[in-house]
file work11.tsv (TSV, C-alpha atoms)
chain	number	residue	atom	x	y	z
F	1062	MET	CA	0.00	0.00	0.00
F	1063	ARG	CA	1.04	3.54	-0.59
F	1064	VAL	CA	1.02	6.35	1.95
F	1065	CYS	CA	2.06	9.97	1.76
F	1066	VAL	CA	4.46	11.03	4.51
F	1067	LEU	CA	4.82	14.69	5.49
F	1068	TYR	CA	7.79	16.06	7.43
F	1069	PHE	CA	7.81	19.29	9.39
F	1070	GLY	CA	10.24	21.47	11.31
F	1071	VAL	CA	13.57	19.89	12.12
F	1072	LEU	CA	12.44	16.62	10.52
F	1073	LYS	CA	12.00	18.38	7.20
F	1074	ASP	CA	15.61	19.53	7.37
F	1075	LEU	CA	16.81	16.10	8.41
F	1076	VAL	CA	15.22	14.27	5.50
F	1077	GLY	CA	15.76	17.16	3.11
F	1078	HIS	CA	12.22	17.60	1.90
F	1079	GLY	CA	8.72	17.92	3.18
F	1080	ARG	CA	6.95	15.06	1.52
F	1081	ALA	CA	7.51	11.52	0.31
F	1082	GLU	CA	5.47	8.67	-1.06
F	1083	MET	CA	6.17	5.36	0.62
F	1084	ASN	CA	5.18	1.81	-0.07
F	1085	LEU	CA	4.49	-0.18	3.05
F	1086	ALA	CA	3.36	-3.72	3.67
F	1087	GLU	CA	-0.38	-4.14	4.08
F	1088	GLY	CA	-1.38	-3.73	7.68
F	1089	ALA	CA	1.71	-1.70	8.64
F	1090	SER	CA	1.31	0.35	11.79
F	1091	VAL	CA	2.41	3.84	12.74
F	1092	ALA	CA	5.20	2.25	14.79
F	1093	GLU	CA	6.47	0.36	11.76
F	1094	LEU	CA	6.52	3.50	9.68
F	1095	LEU	CA	8.53	5.22	12.42
F	1096	GLU	CA	10.91	2.29	12.55
F	1097	VAL	CA	11.66	2.75	8.86
F	1098	HIS	CA	12.61	6.35	9.56
F	1099	ARG	CA	14.71	5.77	12.63
F	1100	GLY	CA	18.05	5.71	10.83
F	1101	LEU	CA	17.43	9.15	9.43
F	1102	ALA	CA	18.30	10.90	12.65
F	1103	LYS	CA	21.53	9.31	13.75
F	1104	GLY	CA	22.75	10.59	17.07
F	1105	ARG	CA	19.36	11.92	18.01
F	1106	GLU	CA	17.33	8.79	18.48
F	1107	SER	CA	15.42	10.42	21.32
F	1108	LEU	CA	13.77	12.62	18.73
F	1109	TRP	CA	11.64	9.68	17.66
F	1110	GLU	CA	10.29	9.19	21.15
F	1111	SER	CA	9.09	12.77	21.37
F	1112	ILE	CA	7.32	13.24	18.09
F	1113	ALA	CA	3.65	12.98	17.40
F	1114	VAL	CA	2.18	11.36	14.35
F	1115	ALA	CA	-0.96	12.50	12.64
F	1116	VAL	CA	-2.85	10.25	10.24
F	1117	ASN	CA	-5.21	12.18	8.00
F	1118	GLN	CA	-4.78	15.17	10.31
F	1119	GLU	CA	-5.74	13.36	13.51
F	1120	TYR	CA	-3.22	12.47	16.20
F	1121	ALA	CA	-2.44	8.77	16.01
F	1122	ARG	CA	-0.95	6.15	18.34
F	1123	ALA	CA	1.90	3.78	17.65
F	1124	GLY	CA	-0.37	0.79	17.24
F	1125	ASP	CA	-2.74	2.41	14.76
F	1126	VAL	CA	-2.86	0.54	11.48
F	1127	LEU	CA	-2.31	2.49	8.27
F	1128	LYS	CA	-4.24	2.03	5.09
F	1129	ASP	CA	-3.66	2.81	1.45
F	1130	GLY	CA	-3.85	6.51	0.64
F	1131	ASP	CA	-3.29	7.73	4.20
F	1132	GLU	CA	-1.56	11.03	4.78
F	1133	VAL	CA	0.90	10.49	7.63
F	1134	ALA	CA	2.52	13.55	9.17
F	1135	LEU	CA	5.57	13.29	11.42
F	1136	LEU	CA	5.45	16.17	13.87
F	1137	PRO	CA	8.43	17.17	16.01
F	1138	PRO	CA	7.60	18.95	19.28
F	1139	VAL	CA	5.90	22.22	18.46
F	1140	SER	CA	7.39	25.61	19.24
F	1141	GLY	CA	7.40	26.26	22.94
F	1142	GLY	CA	7.91	29.65	24.50
F	1143	ILE	CA	10.47	31.15	26.82
F	1144	GLU	CA	8.63	29.78	29.83
F	1145	GLY	CA	9.39	26.30	28.61
F	1146	LEU	CA	13.06	27.18	28.36
F	1147	GLU	CA	13.15	28.58	31.86
F	1148	ARG	CA	11.33	25.65	33.31
F	1149	TYR	CA	13.76	23.18	31.84
F	1150	ALA	CA	16.91	25.22	32.09
F	1151	GLY	CA	19.74	23.54	33.94
U	393	MET	CA	-15.47	32.61	17.31
U	394	ARG	CA	-12.82	33.75	14.91
U	395	VAL	CA	-10.00	31.32	14.20
U	396	GLU	CA	-7.45	32.02	11.49
U	397	ILE	CA	-4.01	31.15	10.19
U	398	THR	CA	-2.70	33.99	8.11
U	399	ASP	CA	0.35	35.03	6.14
U	400	ALA	CA	-0.40	38.70	6.68
U	401	VAL	CA	0.13	41.11	9.56
U	402	ILE	CA	-2.28	40.43	12.41
U	403	PRO	CA	-4.37	43.56	13.07
U	404	ALA	CA	-4.29	43.11	16.85
U	405	ALA	CA	-5.86	46.40	17.90
U	406	GLU	CA	-8.66	46.04	15.38
U	407	ILE	CA	-9.43	42.49	16.51
U	408	VAL	CA	-9.50	43.45	20.18
U	409	ALA	CA	-11.81	46.39	19.49
U	410	GLY	CA	-14.07	44.25	17.35
U	411	ILE	CA	-14.74	41.47	19.85
U	412	LYS	CA	-16.35	43.62	22.54
U	413	ALA	CA	-20.08	43.22	23.13
U	414	GLY	CA	-22.67	44.36	25.64
U	415	PRO	CA	-22.55	41.39	28.05
U	416	ASP	CA	-18.76	41.54	28.36
U	417	GLY	CA	-17.07	42.80	31.48
U	418	ALA	CA	-13.59	41.79	30.43
U	419	VAL	CA	-11.45	41.25	27.37
U	420	CYS	CA	-8.19	39.44	27.97
U	421	VAL	CA	-5.50	39.59	25.28
U	422	PHE	CA	-2.33	37.59	24.76
U	423	ASP	CA	-0.24	39.18	22.06
U	424	GLY	CA	2.71	36.92	21.27
U	425	ILE	CA	5.48	38.92	19.63
U	426	VAL	CA	8.93	38.18	18.23
U	427	ARG	CA	11.69	38.78	20.76
U	428	ASP	CA	15.04	40.21	19.69
U	429	ASN	CA	17.13	37.50	21.34
U	430	SER	CA	17.17	33.87	22.31
U	431	ARG	CA	19.63	32.24	24.69
U	432	GLY	CA	22.07	35.09	24.30
U	433	ARG	CA	21.95	35.23	20.51
U	434	LYS	CA	20.59	38.14	18.59
U	435	THR	CA	17.52	37.20	16.60
U	436	LEU	CA	17.16	38.52	13.07
U	437	HIS	CA	13.73	37.08	12.42
U	438	LEU	CA	11.62	33.98	12.92
U	439	ASP	CA	10.20	31.72	10.24
U	440	TYR	CA	6.97	30.01	11.21
U	441	GLU	CA	5.62	26.99	9.41
U	442	ALA	CA	2.61	24.81	10.10
U	443	TYR	CA	0.78	21.69	9.12
U	444	ARG	CA	-1.72	24.22	8.07
U	445	GLU	CA	-5.01	22.36	7.71
U	446	MET	CA	-4.48	20.37	10.87
U	447	ALA	CA	-3.30	23.40	12.83
U	448	LEU	CA	-6.42	25.29	11.87
U	449	GLU	CA	-8.64	22.41	12.95
U	450	GLN	CA	-6.78	22.12	16.23
U	451	MET	CA	-7.16	25.84	16.86
U	452	ARG	CA	-10.88	25.65	16.14
U	453	ALA	CA	-11.24	22.77	18.56
U	454	LEU	CA	-9.26	24.60	21.26
U	455	SER	CA	-11.42	27.70	20.90
U	456	ALA	CA	-14.62	25.70	21.22
U	457	GLU	CA	-13.19	23.84	24.19
U	458	ALA	CA	-12.22	27.10	25.89
U	459	VAL	CA	-15.75	28.43	25.56
U	460	ALA	CA	-17.18	25.21	26.99
U	461	LYS	CA	-14.58	24.77	29.71
U	462	PHE	CA	-14.38	28.31	31.05
U	463	GLY	CA	-17.81	29.65	30.11
U	464	VAL	CA	-16.40	32.66	28.28
U	465	ARG	CA	-18.55	34.38	25.66
U	466	ASP	CA	-16.21	34.57	22.70
U	467	VAL	CA	-12.69	33.67	21.59
U	468	THR	CA	-10.48	34.85	18.76
U	469	LEU	CA	-7.35	32.88	17.92
U	470	VAL	CA	-5.07	34.01	15.09
U	471	HIS	CA	-1.62	32.69	14.18
U	472	ARG	CA	0.65	34.11	11.54
U	473	LEU	CA	3.06	32.07	9.41
U	474	GLY	CA	6.07	32.97	7.33
U	475	ARG	CA	8.88	35.36	8.18
U	476	LEU	CA	8.29	37.70	11.11
U	477	GLY	CA	10.53	40.48	12.32
U	478	VAL	CA	11.25	41.55	15.87
U	479	GLY	CA	8.19	43.03	17.56
U	480	GLU	CA	5.67	41.58	15.15
U	481	THR	CA	2.70	39.60	16.41
U	482	SER	CA	2.95	35.88	15.71
U	483	VAL	CA	-0.06	34.75	17.70
U	484	LEU	CA	-3.02	36.61	19.13
U	485	VAL	CA	-5.44	35.22	21.69
U	486	VAL	CA	-8.44	37.35	22.64
U	487	VAL	CA	-11.07	36.22	25.12
U	488	ALA	CA	-14.25	38.14	25.93
U	489	SER	CA	-16.20	37.27	29.04
U	490	ALA	CA	-18.59	38.67	31.60
U	491	HIS	CA	-15.94	38.35	34.31
U	492	ARG	CA	-12.17	38.71	34.34
U	493	GLY	CA	-11.34	35.46	36.11
U	494	ALA	CA	-12.69	33.28	33.34
U	495	ALA	CA	-11.15	35.53	30.69
U	496	PHE	CA	-7.68	35.30	32.24
U	497	ASP	CA	-7.95	31.55	32.77
U	498	ALA	CA	-9.20	30.84	29.26
U	499	CYS	CA	-6.57	33.07	27.68
U	500	ARG	CA	-3.74	31.38	29.59
U	501	TRP	CA	-5.05	27.91	28.86
U	502	LEU	CA	-5.45	28.69	25.17
U	503	ILE	CA	-1.91	29.93	24.60
U	504	ASP	CA	-0.33	27.22	26.75
U	505	THR	CA	-2.26	24.45	25.03
U	506	LEU	CA	-1.70	25.90	21.58
U	507	LYS	CA	2.04	25.95	22.20
U	508	LYS	CA	2.02	22.27	23.13
U	509	THR	CA	-0.41	20.71	20.70
U	510	VAL	CA	-1.00	22.82	17.59
U	511	PRO	CA	1.41	21.77	14.81
U	512	ILE	CA	3.24	25.03	14.23
U	513	TRP	CA	7.04	25.34	14.34
U	514	LYS	CA	9.43	28.24	14.34
U	515	LYS	CA	12.94	28.49	13.06
U	516	GLU	CA	15.03	31.12	14.77
U	517	GLN	CA	17.34	32.96	12.42
U	518	PHE	CA	20.40	34.50	14.02
U	519	VAL	CA	23.28	36.41	12.51
U	520	ASP	CA	25.43	33.30	12.83
U	521	GLY	CA	23.04	30.49	12.08
U	522	ALA	CA	19.54	29.17	12.46
U	523	ILE	CA	17.88	26.59	14.66
U	524	TRP	CA	14.46	25.08	15.02
U	525	ALA	CA	13.20	26.18	18.40
U	526	ASP	CA	13.03	23.40	20.94
U	527	GLY	CA	9.50	22.47	21.69
U	528	GLU	CA	7.94	20.91	24.69
U	529	PRO	CA	7.20	17.24	24.15
U	530	PHE	CA	3.68	16.54	23.06
U	531	PRO	CA	1.30	15.64	25.87
U	532	GLU	CA	1.04	11.91	26.43
U	533	GLU	CA	-2.28	11.62	24.64
U	534	GLN	CA	-0.87	13.06	21.44
U	535	ARG	CA	2.49	11.37	21.38
U	536	ALA	CA	2.92	8.39	19.13
U	537	SER	CA	5.36	6.54	21.35
U	538	GLY	CA	4.22	7.43	24.82
U	539	LEU	CA	7.77	6.69	25.95
U	540	ALA	CA	9.27	10.11	26.33
U	541	SER	CA	8.80	11.92	29.56
U	542	GLN	CA	11.29	14.69	29.28
U	543	ARG	CA	12.13	17.54	27.07
U	544	VAL	CA	14.24	16.40	24.20
U	545	SER	CA	17.64	17.91	23.95
U	546	GLY	CA	19.61	17.92	20.77
U	547	LEU	CA	16.66	18.85	18.64
U	548	GLN	CA	18.36	22.00	17.63
U	549	GLU	CA	19.50	21.83	14.10
U	550	GLU	CA	22.16	24.18	12.92
U	551	VAL	CA	21.16	25.00	9.43
U	552	ASP	CA	23.94	27.31	8.56
U	553	GLY	CA	26.56	29.35	10.26
U	554	SER	CA	28.79	28.02	12.95
U	555	GLY	CA	26.83	27.90	16.14
U	556	GLU	CA	27.86	25.70	18.97
U	557	GLU	CA	24.71	23.82	19.87
U	558	SER	CA	25.16	20.23	20.73
U	559	GLY	CA	23.40	17.54	18.86
U	560	ARG	CA	24.49	18.82	15.52
U	561	ALA	CA	23.69	16.42	12.78
U	562	SER	CA	26.41	14.39	11.25
U	563	HIS	CA	27.10	15.72	7.84
U	564	ASP	CA	28.76	12.61	6.61
U	565	ALA	CA	25.59	10.63	6.58
U	566	HIS	CA	23.17	10.59	3.74
U	567	ILE	CA	20.48	8.48	2.30
U	568	SER	CA	21.82	6.77	-0.73
U	569	GLU	CA	20.41	4.85	-3.56
U	570	SER	CA	20.10	1.71	-1.68
U	571	ARG	CA	19.14	-1.83	-1.25
U	572	TYR	CA	16.61	-3.43	-3.44
U	573	GLY	CA	15.08	-5.16	-0.52
U	574	ALA	CA	11.94	-5.05	1.48
U	575	PRO	CA	9.43	-2.32	0.78
U	576	GLY	CA	9.75	0.67	3.00
U	577	THR	CA	13.37	0.20	3.87
U	578	TRP	CA	16.36	2.18	2.92
U	579	ALA	CA	20.00	2.05	3.78
U	580	PHE	CA	22.06	4.70	5.38
U	581	ASP	CA	25.54	5.30	4.04
U	582	ALA	CA	28.25	7.39	5.57
U	583	GLY	CA	31.03	9.28	3.95
U	584	LYS	CA	30.05	8.82	0.35
U	585	CYS	CA	29.42	12.44	-0.28
U	586	ASN	CA	29.89	15.69	1.47
U	587	CYS	CA	26.30	16.60	1.54
U	588	TRP	CA	23.53	15.31	3.61
U	589	ALA	CA	20.54	17.11	2.30
U	590	VAL	CA	18.39	14.99	0.07
U	591	SER	CA	16.43	16.70	-2.60
U	592	SER	CA	14.00	13.94	-3.23
U	593	PHE	CA	13.47	10.30	-2.68
U	594	GLN	CA	10.80	7.78	-3.07
U	595	VAL	CA	10.49	4.44	-1.48
U	596	ARG	CA	9.03	1.91	-3.79
U	597	ASP	CA	8.95	-1.83	-3.96
U	598	LYS	CA	12.38	-1.82	-5.51
U	599	GLY	CA	13.98	0.20	-2.77
U	600	ALA	CA	14.92	3.75	-2.07
U	601	LYS	CA	16.39	6.37	-4.30
U	602	SER	CA	17.84	9.65	-3.37
U	603	MET	CA	19.82	12.46	-4.77
U	604	CYS	CA	22.26	14.61	-2.92
U	605	ILE	CA	22.15	18.33	-3.47

call {"tool": "encode", "arguments": {"input": "work11.tsv", "output": "structure tokens"}}
result
Amino acid sequence: MRVCVLYFGVLKDLVGHGRAEMNLAEGASVAELLEVHRGLAKGRESLWESIAVAVNQEYARAGDVLKDGDEVALLPPVSGGIEGLERYAG
Amino acid sequence: MRVEITDAVIPAAEIVAGIKAGPDGAVCVFDGIVRDNSRGRKTLHLDYEAYREMALEQMRALSAEAVAKFGVRDVTLVHRLGRLGVGETSVLVVVASAHRGAAFDACRWLIDTLKKTVPIWKKEQFVDGAIWADGEPFPEEQRASGLASQRVSGLQEEVDGSGEESGRASHDAHISESRYGAPGTWAFDAGKCNCWAVSSFQVRDKGAKSMCI
């Protein structure tokens, strides 16, 4: 089956573009799609644990099963503000 | 309710004036503007990008939830995308309510929740480089993995210039034309070219293709 994968923010820079078509095995899950991408961010594996995934513009879980024609967006953490920085500083 | 994502200047004063109605006793405004510095570096401008359709839907849902949750009369939520200079409004939250307590609470909840869950990102452009601003991890219910519990470090990506952030990507790695193996897999090669940006690739049954730029 074929899905469209969208990349945003730092992920877009890491893969070099914002969109790709991918063929996946029937019944592949969100987790399996993430697994395919894992090697793309060497040295920053923790990135994959923090992202959200949206399937057809709805937040999805790792176990959700994809289907042909799905639009799958990989979303790095969204822009926080200065308060976030202060809270986590040090 | 007025909920918008725009590429134009946000007319903050006009929006605030326009929301007021007879039953209101309070209008609470959060005007998020571009700061001239970040972590000791001078900011030239910010570039905002979004998963636009989804962001708009999320903002609509947040506005409706704020009205239901806090009992406020009306909400306006506007976010701007594209390149913004210092002092410009990137996000405007306006809440009108009979009483100030609910207006303050709803306004604070709206901006805090928007910053955590609405898919909008900003790249900070400095004189000596650019980074994607670190975000807070998604709340548990939105995260795909559910494994992370802490802020992720090393998300900062030096795009150009010679900043000193840690976690800089290895530039000797790139996706290459690769194995003709299982669908949805591709190999990662190191050191074959000096670039690491990939202009395009597609993963098909026959494997992955890429092109360095």

call {"tool": "interface_residues", "arguments": {"input": "work11.tsv", "of": "chain F", "to": "chain U", "cutoff": "7 Å", "atoms": "only C-alpha atoms", "output": "NGL selection string"}}
result
:F and (1070-1071 or 1076-1078 or 1081-1086 or 1097 or 1100 or 1105 or 1107-1108 or 1110-1114 or 1118 or 1120-1123 or 1136 or 1138-1141 or 1145)

call {"tool": "atom_distance", "arguments": {"input": "work11.tsv", "atom1": "atom CA of Leu1072 of chain F", "atom2": "atom CA of Thr481 of chain U"}}
result
25.6 Å

call {"tool": "closest_residue", "arguments": {"input": "work11.tsv", "among": "F:Cys1065, F:Leu1101, F:Val1126, F:Ala1092", "to": "Gly1079 of chain F", "atoms": "all atoms listed in the file"}}
result
F:Cys1065

call {"tool": "axis_aligned_box", "arguments": {"input": "work11.tsv", "around": "segment 1095-1102 of chain F", "padding_each_side": "6 Å", "output": "lines of an AutoDock Vina configuration file"}}
result
center_x = 13.4
center_y = 6.6
center_z = 10.8
size_x = 21.8
size_y = 20.6
size_z = 15.8

call {"tool": "residues_around", "arguments": {"input": "work11.tsv", "residues": "segment 463-479 of chain U", "least_positions_apart": "4", "cutoff": "6 Å", "atoms": "only C-alpha atoms", "output": "list in words"}}
result
Met393, Arg394, Val395, Glu396, Ile397, Thr398, Asp399, Ile425, Val426, Arg427, Asp428, His437, Leu438, Asp439, Tyr440, Glu441, Val459, Val483, Leu484, Val485, Val486, Val487, Ala488 and Ser489 of chain U

call {"tool": "atom_distance", "arguments": {"input": "work11.tsv", "atom1": "atom CA of Leu454 of chain U", "atom2": "atom CA of Lys1073 of chain F"}}
result
26.2 Å

call {"tool": "atom_distance", "arguments": {"input": "work11.tsv", "atom1": "atom CA of Arg1063 of chain F", "atom2": "atom CA of Asp1129 of chain F"}}
result
5.2 Å
